[in-house]
>>> print(open('coords-v4.cif').read())   # mmCIF, C-alpha atoms
data_query
#
loop_
_atom_site.label_atom_id
_atom_site.label_comp_id
_atom_site.auth_asym_id
_atom_site.auth_seq_id
_atom_site.Cartn_x
_atom_site.Cartn_y
_atom_site.Cartn_z
CA MET H 1 26.07 -21.01 2.14
CA GLU H 2 24.52 -21.47 -1.29
CA GLN H 3 21.56 -23.16 0.31
CA ALA H 4 21.11 -20.32 2.81
CA GLN H 5 21.15 -17.77 0.01
CA GLY H 6 18.73 -19.75 -2.10
CA GLN H 7 16.23 -19.60 0.76
CA GLN H 8 16.13 -15.82 0.77
CA GLN H 9 15.03 -15.24 -2.81
CA HIS H 10 11.49 -14.07 -2.11
CA SER H 11 9.82 -11.38 -4.13
CA ILE H 12 9.57 -7.93 -2.58
CA ALA H 13 5.77 -8.23 -2.81
CA ILE H 14 5.55 -10.46 0.29
CA TYR H 15 7.26 -7.82 2.44
CA LEU H 16 5.01 -5.04 1.19
CA TRP H 17 2.04 -7.29 1.86
CA ILE H 18 3.08 -8.06 5.45
CA TRP H 19 3.88 -4.38 5.96
CA GLY H 20 0.31 -3.56 4.96
CA VAL H 21 -1.10 -6.25 7.27
CA LEU H 22 0.95 -4.89 10.21
CA PHE H 23 -0.33 -1.37 9.48
CA ILE H 24 -3.93 -2.56 9.48
CA LEU H 25 -3.48 -4.59 12.68
CA SER H 26 -1.84 -1.60 14.42
CA THR H 27 -4.70 0.63 13.31
CA PHE H 28 -7.18 -1.89 14.73
CA SER H 29 -5.40 -2.00 18.09
CA TYR H 30 -5.34 1.81 18.15
CA LEU H 31 -9.07 1.90 17.41
CA VAL H 32 -9.69 -0.42 20.39
CA ASP H 33 -8.43 2.45 22.56
CA TYR H 34 -10.02 5.20 20.46
CA PHE H 35 -13.52 3.73 20.79
CA HIS H 36 -13.00 3.09 24.54
CA LEU H 37 -13.76 -0.63 24.43
CA GLN H 38 -13.50 -1.98 27.98
CA GLY H 39 -13.30 -5.23 29.91
CA TYR H 40 -12.80 -8.60 28.29
CA THR H 41 -13.55 -7.32 24.75
CA ARG H 42 -10.66 -4.87 25.07
CA TRP H 43 -8.18 -7.35 26.52
CA THR H 44 -9.04 -10.11 24.05
CA LEU H 45 -8.71 -7.81 21.03
CA ILE H 46 -5.43 -6.31 22.28
CA ILE H 47 -3.90 -9.75 22.87
CA VAL H 48 -5.13 -11.15 19.53
CA PHE H 49 -3.78 -8.21 17.50
CA MET H 50 -0.51 -8.30 19.48
CA LEU H 51 0.08 -12.01 18.85
CA LEU H 52 -0.84 -11.73 15.16
CA LYS H 53 1.63 -8.86 14.67
CA ALA H 54 4.36 -10.71 16.58
CA GLY H 55 3.72 -13.86 14.54
CA PHE H 56 4.00 -12.06 11.19
CA ILE H 57 7.18 -10.24 12.21
CA VAL H 58 8.92 -13.43 13.41
CA ALA H 59 7.66 -15.68 10.60
CA ILE H 60 8.11 -13.43 7.55
CA PHE H 61 10.37 -10.47 8.42
CA MET H 62 12.76 -12.60 10.51
CA HIS H 63 12.45 -15.52 8.03
CA MET H 64 11.58 -18.02 10.77
CA ALA H 65 9.01 -19.65 8.47
CA TRP H 66 11.82 -20.81 6.17
CA GLU H 67 14.20 -22.10 8.86
CA ARG H 68 14.59 -25.77 9.77
CA LEU H 69 12.33 -27.09 12.53
CA ALA H 70 15.36 -27.66 14.81
CA LEU H 71 16.12 -23.90 14.88
CA LYS H 72 12.43 -23.02 15.29
CA PHE H 73 12.23 -25.29 18.35
CA ALA H 74 15.50 -24.04 19.85
CA ILE H 75 14.36 -20.39 19.69
CA LEU H 76 10.59 -20.51 20.11
CA VAL H 77 10.11 -23.19 22.80
CA PRO H 78 12.26 -21.74 25.67
CA PRO H 79 10.15 -18.53 25.95
CA LEU H 80 7.19 -20.75 26.91
CA CYS H 81 8.85 -21.05 30.37
CA LEU H 82 7.90 -17.40 30.78
CA LEU H 83 4.24 -18.43 31.06
CA VAL H 84 5.12 -20.04 34.40
CA LEU H 85 6.81 -16.82 35.59
CA ILE H 86 3.83 -14.72 34.44
CA GLY H 87 1.38 -17.07 36.19
CA LEU H 88 3.35 -17.07 39.45
CA MET H 89 3.79 -13.29 39.45
CA ALA H 90 0.07 -12.73 38.79
CA ILE H 91 -0.79 -14.89 41.83
CA GLU H 92 1.88 -13.10 43.87
CA GLY H 93 0.53 -9.69 42.79
CA ASP H 94 -3.00 -10.65 43.87
CA TYR H 95 -1.67 -11.84 47.22
CA THR H 96 0.23 -8.58 47.79
CA PHE H 97 -2.88 -6.60 46.84
CA ILE H 98 -5.11 -8.50 49.29
CA THR H 99 -2.49 -8.21 52.04
CA ARG H 100 -2.27 -4.43 51.50
CA ILE H 101 -6.07 -4.06 51.63
CA ALA H 102 -6.25 -6.17 54.81
CA SER H 103 -3.27 -4.61 56.62
CA PHE H 104 -3.60 -0.96 55.60
CA PRO H 105 -7.32 -0.12 55.60
CA LYS H 106 -8.02 3.43 54.51
CA MET Q 1 28.94 -30.20 2.62
CA ASN Q 2 30.04 -33.37 0.82
CA SER Q 3 28.41 -34.81 -2.27
CA THR Q 4 26.46 -37.62 -0.54
CA ALA Q 5 24.78 -35.13 1.80
CA GLU Q 6 23.71 -33.02 -1.13
CA THR Q 7 22.16 -35.79 -3.16
CA SER Q 8 19.92 -36.96 -0.30
CA ALA Q 9 17.60 -34.17 0.80
CA PRO Q 10 17.66 -33.51 4.58
CA ALA Q 11 14.75 -35.06 6.47
CA SER Q 12 11.90 -32.74 7.37
CA GLY Q 13 9.55 -32.50 10.34
CA LEU Q 14 10.30 -34.08 13.71
CA ARG Q 15 12.53 -36.68 12.06
CA GLY Q 16 14.56 -33.75 10.71
CA VAL Q 17 14.87 -32.26 14.23
CA ALA Q 18 16.13 -35.61 15.53
CA SER Q 19 18.67 -36.01 12.73
CA ASP Q 20 19.82 -32.34 12.98
CA TRP Q 21 20.49 -32.69 16.70
CA SER Q 22 21.83 -36.24 16.81
CA ALA Q 23 23.94 -36.48 13.64
CA ASP Q 24 27.69 -35.93 13.79
CA LYS Q 25 27.47 -32.46 12.22
CA GLN Q 26 26.61 -28.81 12.85
CA ALA Q 27 23.16 -28.69 14.49
CA PHE Q 28 21.83 -25.60 12.71
CA PRO Q 29 22.64 -25.31 8.99
CA VAL Q 30 22.81 -21.50 9.11
CA PRO Q 31 25.83 -19.15 9.33
CA TRP Q 32 27.13 -19.14 12.92
CA GLY Q 33 26.58 -15.38 13.19
CA LYS Q 34 22.89 -15.85 12.48
CA ALA Q 35 22.53 -18.68 15.03
CA MET Q 36 24.30 -16.56 17.67
CA MET Q 37 22.14 -13.52 16.91
CA TRP Q 38 19.05 -15.69 17.42
CA ILE Q 39 20.41 -16.93 20.75
CA PHE Q 40 21.22 -13.36 21.83
CA LEU Q 41 17.68 -12.33 20.89
CA LEU Q 42 16.33 -15.26 22.89
CA SER Q 43 18.20 -14.01 25.98
CA ASP Q 44 16.96 -10.47 25.31
CA THR Q 45 13.42 -11.85 25.15
CA PHE Q 46 13.87 -13.00 28.75
CA VAL Q 47 15.19 -9.56 29.81
CA PHE Q 48 12.21 -7.70 28.36
CA SER Q 49 9.78 -10.33 29.65
CA CYS Q 50 11.15 -9.83 33.17
CA PHE Q 51 10.50 -6.08 32.87
CA LEU Q 52 6.98 -6.59 31.55
CA THR Q 53 6.21 -9.24 34.18
CA GLY Q 54 7.52 -6.90 36.89
CA TYR Q 55 5.26 -4.17 35.52
CA MET Q 56 2.30 -6.57 35.58
CA ASN Q 57 3.07 -7.50 39.18
CA VAL Q 58 3.25 -3.91 40.48
CA ARG Q 59 0.15 -2.94 38.53
CA ILE Q 60 -1.85 -5.83 40.04
CA SER Q 61 -0.59 -5.23 43.58
CA THR Q 62 -1.01 -1.46 43.86
CA THR Q 63 -4.04 -0.20 45.82
CA VAL Q 64 -3.87 3.24 44.16
CA PRO Q 65 -5.64 3.58 40.77
CA TRP Q 66 -3.29 3.21 37.75
CA PRO Q 67 -3.04 6.40 35.60
CA ASN Q 68 -5.07 6.02 32.38
CA PRO Q 69 -2.46 5.74 29.58
CA SER Q 70 -5.06 6.87 27.05
CA GLU Q 71 -5.22 10.26 28.80
CA VAL Q 72 -1.60 10.49 29.98
CA PHE Q 73 -0.29 10.04 26.42
CA ALA Q 74 -2.92 12.21 24.71
CA LEU Q 75 -1.78 15.21 22.66
CA GLN Q 76 -3.55 18.52 22.04
CA ILE Q 77 -4.03 18.83 18.28
CA GLY Q 78 -6.06 21.80 17.00
CA GLY Q 79 -7.50 22.40 20.48
CA GLU Q 80 -8.74 18.81 20.67
CA SER Q 81 -7.28 16.06 22.82
CA VAL Q 82 -6.40 13.02 20.68
CA PRO Q 83 -5.72 9.93 22.81
CA LEU Q 84 -2.44 8.06 22.40
CA ILE Q 85 -1.73 9.67 19.01
CA LEU Q 86 2.05 10.06 19.43
CA ILE Q 87 2.38 6.40 20.44
CA ALA Q 88 0.35 5.34 17.39
CA ILE Q 89 2.63 7.36 15.08
CA MET Q 90 5.71 5.87 16.79
CA THR Q 91 4.27 2.40 16.17
CA PHE Q 92 3.75 3.13 12.46
CA VAL Q 93 7.26 4.59 12.14
CA LEU Q 94 8.81 1.47 13.67
CA ILE Q 95 6.73 -0.92 11.54
CA THR Q 96 7.73 1.04 8.43
CA SER Q 97 11.39 0.78 9.44
CA SER Q 98 10.93 -3.00 9.77
CA GLY Q 99 9.49 -3.09 6.26
CA THR Q 100 12.42 -1.16 4.77
CA MET Q 101 14.85 -3.42 6.68
CA ALA Q 102 13.21 -6.60 5.32
CA MET Q 103 13.58 -5.21 1.80
CA ALA Q 104 17.22 -4.22 2.46
CA VAL Q 105 17.97 -7.86 3.38
CA ASN Q 106 16.27 -9.01 0.18
CA PHE Q 107 18.23 -6.58 -2.01
CA GLY Q 108 21.39 -7.63 -0.19
CA TYR Q 109 20.90 -11.22 -1.30
CA ARG Q 110 20.27 -9.90 -4.83
CA ARG Q 111 23.68 -8.13 -4.55
CA ASP Q 112 22.14 -4.73 -5.21
CA ARG Q 113 24.58 -2.58 -3.26
CA ALA Q 114 22.97 0.81 -3.85
CA LYS Q 115 19.43 -0.24 -2.92
CA THR Q 116 20.62 -2.19 0.15
CA THR Q 117 22.56 0.82 1.43
CA ALA Q 118 19.69 3.23 0.75
CA LEU Q 119 17.10 1.02 2.46
CA MET Q 120 19.35 0.44 5.48
CA LEU Q 121 19.95 4.19 5.84
CA ALA Q 122 16.18 4.75 5.56
CA THR Q 123 15.70 2.19 8.34
CA ALA Q 124 18.27 3.94 10.53
CA ALA Q 125 16.65 7.33 9.82
CA LEU Q 126 13.21 6.00 10.82
CA GLY Q 127 14.78 4.54 13.97
CA ALA Q 128 16.30 7.92 14.81
CA THR Q 129 12.86 9.51 14.26
CA PHE Q 130 11.38 7.02 16.71
CA VAL Q 131 13.97 7.81 19.39
CA SER Q 132 13.40 11.57 18.89
CA MET Q 133 9.66 11.14 19.41
CA GLN Q 134 10.39 9.09 22.52
CA ALA Q 135 12.63 11.88 23.82
CA PHE Q 136 9.75 14.33 23.22
CA GLU Q 137 7.39 12.02 25.13
CA TRP Q 138 9.80 11.67 28.07
CA THR Q 139 10.24 15.48 28.21
CA LYS Q 140 6.47 15.98 28.21
CA LEU Q 141 5.93 13.49 31.05
CA ILE Q 142 8.84 14.84 33.11
CA THR Q 143 7.50 18.42 32.86
CA GLU Q 144 4.11 17.07 33.97
CA GLY Q 145 5.79 15.79 37.14
CA VAL Q 146 6.13 12.08 36.37
CA ARG Q 147 9.12 10.61 38.25
CA PRO Q 148 10.28 7.01 38.84
CA TRP Q 149 9.07 7.33 42.45
CA GLY Q 150 5.76 9.14 41.93
CA ASN Q 151 3.45 11.16 39.73
CA PRO Q 152 0.40 13.41 40.10
CA MET Q 153 -1.97 11.03 38.20
CA GLY Q 154 -2.04 7.94 40.42
CA ALA Q 155 0.00 4.88 41.31
CA PRO Q 156 3.68 5.80 41.87
CA GLN Q 157 4.78 2.54 40.17
CA PHE Q 158 3.62 4.01 36.85
CA GLY Q 159 6.73 6.17 36.48
CA ALA Q 160 9.14 3.40 37.47
CA SER Q 161 7.62 0.98 34.93
CA PHE Q 162 7.38 3.61 32.20
CA PHE Q 163 10.97 4.88 32.41
CA MET Q 164 12.42 1.41 32.89
CA ILE Q 165 10.61 -0.30 30.00
CA THR Q 166 10.57 2.46 27.39
CA GLY Q 167 14.08 3.54 28.41
CA PHE Q 168 15.53 0.08 27.88
CA HIS Q 169 13.68 -0.26 24.58
CA GLY Q 170 14.85 3.19 23.45
CA LEU Q 171 18.42 2.18 24.28
CA HIS Q 172 18.00 -0.86 22.03
CA VAL Q 173 16.68 1.32 19.20
CA SER Q 174 19.57 3.79 19.60
CA ALA Q 175 22.12 0.95 19.53
CA GLY Q 176 20.32 -0.47 16.48
CA VAL Q 177 20.56 2.87 14.62
CA ILE Q 178 24.35 2.91 15.16
CA TYR Q 179 24.66 -0.78 14.22
CA LEU Q 180 22.64 -0.30 11.00
CA ALA Q 181 24.62 2.80 10.03
CA LEU Q 182 27.91 0.91 10.46
CA VAL Q 183 26.71 -2.08 8.42
CA ALA Q 184 25.25 0.24 5.73
CA ARG Q 185 28.67 1.91 5.42
CA LYS Q 186 30.33 -1.48 4.92
CA VAL Q 187 27.71 -2.47 2.32
CA TRP Q 188 28.36 0.76 0.44
CA ARG Q 189 32.16 0.28 0.65
CA GLY Q 190 31.71 -3.14 -0.96
CA ASP Q 191 33.08 -5.23 1.94
CA TYR Q 192 30.37 -7.89 1.55
CA GLU Q 193 30.67 -7.80 -2.23
CA ARG Q 194 34.32 -8.85 -1.87
CA ARG Q 195 33.50 -11.45 0.78
CA GLY Q 196 30.77 -12.81 -1.49
CA SER Q 197 28.16 -12.89 1.27
CA TYR Q 198 25.55 -10.41 2.51
CA GLU Q 199 24.55 -12.48 5.56
CA ILE Q 200 25.66 -9.67 7.94
CA VAL Q 201 22.81 -7.57 6.55
CA GLU Q 202 20.34 -10.31 7.47
CA ILE Q 203 21.85 -10.64 10.96
CA ALA Q 204 21.56 -6.88 11.52
CA GLY Q 205 18.00 -7.18 10.21
CA LEU Q 206 17.16 -9.84 12.80
CA TYR Q 207 18.21 -7.45 15.58
CA TRP Q 208 16.16 -4.62 14.09
CA HIS Q 209 13.01 -6.72 13.67
CA PHE Q 210 13.40 -7.85 17.29
CA VAL Q 211 13.34 -4.20 18.43
CA ASP Q 212 10.08 -3.80 16.49
CA LEU Q 213 8.77 -7.04 18.01
CA VAL Q 214 9.42 -5.83 21.56
CA TRP Q 215 7.58 -2.60 20.78
CA VAL Q 216 4.52 -4.62 19.69
CA PHE Q 217 4.37 -6.08 23.21
CA ILE Q 218 5.08 -2.76 24.98
CA PHE Q 219 2.42 -1.01 22.87
CA ALA Q 220 -0.20 -3.64 23.73
CA LEU Q 221 0.64 -4.29 27.37
CA PHE Q 222 1.76 -0.87 28.61
CA TYR Q 223 -0.03 1.71 26.46
CA LEU Q 224 -3.28 -0.05 25.52
CA TRP Q 225 -3.98 -2.16 28.65
#
>>> encode(input="coords-v4.cif", output="structure tokens")
Amino acid sequence: MEQAQGQQQHSIAIYLWIWGVLFILSTFSYLVDYFHLQGYTRWTLIIVFMLLKAGFIVAIFMHMAWERLALKFAILVPPLCLLVLIGLMAIEGDYTFITRIASFPK
Amino acid sequence: MNSTAETSAPASGLRGVASDWSADKQAFPVPWGKAMMWIFLLSDTFVFSCFLTGYMNVRISTTVPWPNPSEVFALQIGGESVPLILIAIMTFVLITSSGTMAMAVNFGYRRDRAKTTALMLATAALGATFVSMQAFEWTKLITEGVRPWGNPMGAPQFGASFFMITGFHGLHVSAGVIYLALVARKVWRGDYERRGSYEIVEIAGLYWHFVDLVWVFIFALFYLW
């Protein structure tokens, strides 16, 4: 218990700092839409800003950066399975789309 | 912890993972409530990922054009149409609430009862603001004829995805507001002072940051895509 409490003694400054970073990143992602960026530029920027924000929230706000590696692995590795689901469902979606175009021509 | 374990520092890196998982002791040296909250959040990650993957699938497979979120969620301000402005404000409100929550946890560990309570109540108030804005957004879309089975702007799957994903997220925020208010009341009453541990505040904080984390993904994948 003492050890766990010792870990949490950060200065308030780091939270204000991350707060500011999240504000700036959110503004950037909003500007991507505001300036009507399209295609791969849009998707790349959206994904990069999204992952950066998610990383800062988990690492600093949720204190994951200060946890032991065993807990980091236990929580952060299982969601990687979702990449398989996303990949399969993207292929499936394409297949459904092509089938609809082929079977129900306008 | 016994004295021998304290004198030798625990191994770090992969060797530390091996010793944490193989030694005859508790695998995660954190309070059990915190470990269980993390595992709950992991399961919730899968729930939200299933919704977002389902949304991706129907959006790829529909032959009808997807409504442009930039226009659907635009607001008329001073006679001018500002794209996505309400969603941007909602995002800032939720990030701010995450900031106040992180500071509440910090003041909790410093045993500052008044500041912890105040920051937690501020977090809950910002959460309530978020839900109110979401209610406004739902009302606006429903009056424009958006339904789970169809809408005047394009692909009928838009409504189903929208109500399902934002509804489930809004439910999480609402539950979080109640949860934070209850914990704030206990902080103020001095329950954790007597127990000598403010870890419940951190556990509640984990849940709240997760709600913010999910919104980051919804904002990027549903509203901006």
>>> residues_around(input="coords-v4.cif", residues="Leu126 in chain Q", least_positions_apart="5", cutoff="12 Å", atoms="all atoms listed in the file", output="ChimeraX atom specification")
/Q:89-101,119-121,131-133,173-174,176-177,180-181,208,212
>>> resolve_selection(input="coords-v4.cif", expression="the PyMOL selection byres ((chain Q and resi 150) around 12)", output="PyMOL selection string")
chain Q and resi 64+66-67+141-142+144-149+151-163
>>> residues_around(input="coords-v4.cif", residues="Leu83 in chain H", least_positions_apart="5", cutoff="10 Å", atoms="all atoms listed in the file", output="ChimeraX atom specification")
/H:88-89 /Q:49,53
>>> write_last_selection(input="coords-v4.cif", atoms="C-alpha atoms", output="short mmCIF file (atom, residue, chain, number, x, y, z; two decimals), in the frame of the given file")
data_model
loop_
_atom_site.label_atom_id
_atom_site.label_comp_id
_atom_site.auth_asym_id
_atom_site.auth_seq_id
_atom_site.Cartn_x
_atom_site.Cartn_y
_atom_site.Cartn_z
CA LEU H 88 3.35 -17.07 39.45
CA MET H 89 3.79 -13.29 39.45
CA SER Q 49 9.78 -10.33 29.65
CA THR Q 53 6.21 -9.24 34.18
#
>>> residues_around(input="coords-v4.cif", residues="Val187 in chain Q", least_positions_apart="5", cutoff="9 Å", atoms="all atoms listed in the file", output="VMD selection string")
chain Q and resid 108 113 to 114 116 to 117 182 192 to 193 198 201
>>> atom_distance(input="coords-v4.cif", atom1="CA of Ala128 in chain Q", atom2="CA of Met56 in chain Q")
28.9 Å
>>> atom_distance(input="coords-v4.cif", atom1="CA of Leu51 in chain H", atom2="CA of Phe219 in chain Q")
11.9 Å
>>> closest_residue(input="coords-v4.cif", among="H:Ala102, H:Val48, H:Ala70, H:Ala13", to="chain Q", atoms="all atoms listed in the file")
H:Ala70
>>> residues_around(input="coords-v4.cif", residues="Leu71 in chain H", least_positions_apart="5", cutoff="9 Å", atoms="all atoms listed in the file", output="ChimeraX atom specification")
/H:64,76 /Q:17,27-29,35
>>> closest_residue(input="coords-v4.cif", among="Q:Glu202, Q:Asp24, Q:Glu80, Q:Asp44", to="Ala184 in chain Q", atoms="only C-alpha atoms")
Q:Glu202
>>> closest_residue(input="coords-v4.cif", among="Q:Ser197, Q:Thr143, Q:Asn106, Q:Thr62", to="Arg100 in chain H", atoms="only C-alpha atoms")
Q:Thr62
>>> residues_around(input="coords-v4.cif", residues="Ser29 in chain H", least_positions_apart="3", cutoff="9 Å", atoms="only C-alpha atoms", output="list of chain:residue names")
H:Ile24, H:Leu25, H:Ser26, H:Val32, H:Asp33, H:Tyr34, H:Leu45, H:Ile46, H:Phe49, H:Met50, Q:Ala220, Q:Leu224
>>> decode(input="coords-v4.cif", residues="range 57-87 of chain H", atoms="N, CA and C atoms", output="compact mmCIF listing (two decimals), in the first residue's frame")
# COMPACT_ATOMS: atom_id res chain seq x y z
N ILE H 57 -3.75 9.62 -22.57
CA ILE H 57 -4.77 9.37 -21.53
C ILE H 57 -4.40 8.11 -20.74
N VAL H 58 -4.08 7.02 -21.46
CA VAL H 58 -3.78 5.76 -20.76
C VAL H 58 -2.48 5.87 -19.96
N ALA H 59 -1.45 6.46 -20.57
CA ALA H 59 -0.13 6.48 -19.92
C ALA H 59 -0.10 7.41 -18.71
N ILE H 60 -0.61 8.63 -18.86
CA ILE H 60 -0.45 9.62 -17.79
C ILE H 60 -1.68 9.69 -16.89
N PHE H 61 -2.87 9.96 -17.50
CA PHE H 61 -4.07 10.11 -16.67
C PHE H 61 -4.42 8.81 -15.95
N MET H 62 -4.26 7.67 -16.62
CA MET H 62 -4.61 6.39 -15.99
C MET H 62 -3.39 5.75 -15.32
N HIS H 63 -2.26 6.48 -15.30
CA HIS H 63 -1.06 6.05 -14.58
C HIS H 63 -0.42 4.76 -15.09
N MET H 64 -0.77 4.36 -16.34
CA MET H 64 -0.23 3.10 -16.84
C MET H 64 1.30 3.17 -16.96
N ALA H 65 1.84 4.36 -17.21
CA ALA H 65 3.29 4.50 -17.37
C ALA H 65 4.04 4.10 -16.11
N TRP H 66 3.38 4.18 -14.95
CA TRP H 66 4.08 3.89 -13.69
C TRP H 66 3.74 2.51 -13.13
N GLU H 67 2.95 1.72 -13.89
CA GLU H 67 2.62 0.37 -13.42
C GLU H 67 3.73 -0.60 -13.80
N ARG H 68 3.71 -1.78 -13.18
CA ARG H 68 4.69 -2.81 -13.52
C ARG H 68 4.37 -3.37 -14.91
N LEU H 69 5.42 -3.87 -15.58
CA LEU H 69 5.26 -4.38 -16.94
C LEU H 69 4.23 -5.51 -17.02
N ALA H 70 4.13 -6.32 -15.93
CA ALA H 70 3.18 -7.44 -15.94
C ALA H 70 1.75 -6.93 -16.11
N LEU H 71 1.39 -5.83 -15.43
CA LEU H 71 0.03 -5.29 -15.55
C LEU H 71 -0.16 -4.65 -16.93
N LYS H 72 0.87 -3.95 -17.41
CA LYS H 72 0.80 -3.34 -18.74
C LYS H 72 0.48 -4.41 -19.78
N PHE H 73 1.21 -5.52 -19.74
CA PHE H 73 1.00 -6.61 -20.69
C PHE H 73 -0.40 -7.18 -20.56
N ALA H 74 -0.83 -7.44 -19.31
CA ALA H 74 -2.12 -8.09 -19.10
C ALA H 74 -3.27 -7.25 -19.66
N ILE H 75 -3.13 -5.91 -19.62
CA ILE H 75 -4.24 -5.05 -20.05
C ILE H 75 -4.08 -4.62 -21.50
N LEU H 76 -2.86 -4.35 -21.95
CA LEU H 76 -2.70 -3.75 -23.28
C LEU H 76 -2.53 -4.76 -24.41
N VAL H 77 -2.10 -5.99 -24.11
CA VAL H 77 -1.88 -6.96 -25.19
C VAL H 77 -3.19 -7.58 -25.70
N PRO H 78 -4.13 -8.00 -24.81
CA PRO H 78 -5.36 -8.63 -25.33
C PRO H 78 -6.12 -7.82 -26.38
N PRO H 79 -6.21 -6.46 -26.26
CA PRO H 79 -6.94 -5.73 -27.30
C PRO H 79 -6.34 -5.88 -28.70
N LEU H 80 -5.09 -6.34 -28.79
CA LEU H 80 -4.49 -6.52 -30.13
C LEU H 80 -5.25 -7.57 -30.94
N CYS H 81 -5.93 -8.52 -30.23
CA CYS H 81 -6.77 -9.51 -30.94
C CYS H 81 -7.80 -8.81 -31.81
N LEU H 82 -8.21 -7.61 -31.38
CA LEU H 82 -9.26 -6.90 -32.10
C LEU H 82 -8.82 -6.57 -33.52
N LEU H 83 -7.50 -6.46 -33.75
CA LEU H 83 -7.02 -6.17 -35.10
C LEU H 83 -7.46 -7.27 -36.06
N VAL H 84 -7.48 -8.51 -35.57
CA VAL H 84 -7.92 -9.64 -36.40
C VAL H 84 -9.39 -9.46 -36.76
N LEU H 85 -10.22 -9.13 -35.72
CA LEU H 85 -11.65 -8.92 -35.95
C LEU H 85 -11.87 -7.80 -36.96
N ILE H 86 -11.14 -6.68 -36.78
CA ILE H 86 -11.31 -5.53 -37.67
C ILE H 86 -10.93 -5.93 -39.10
N GLY H 87 -9.82 -6.65 -39.25
CA GLY H 87 -9.39 -7.10 -40.57
C GLY H 87 -10.43 -7.99 -41.23
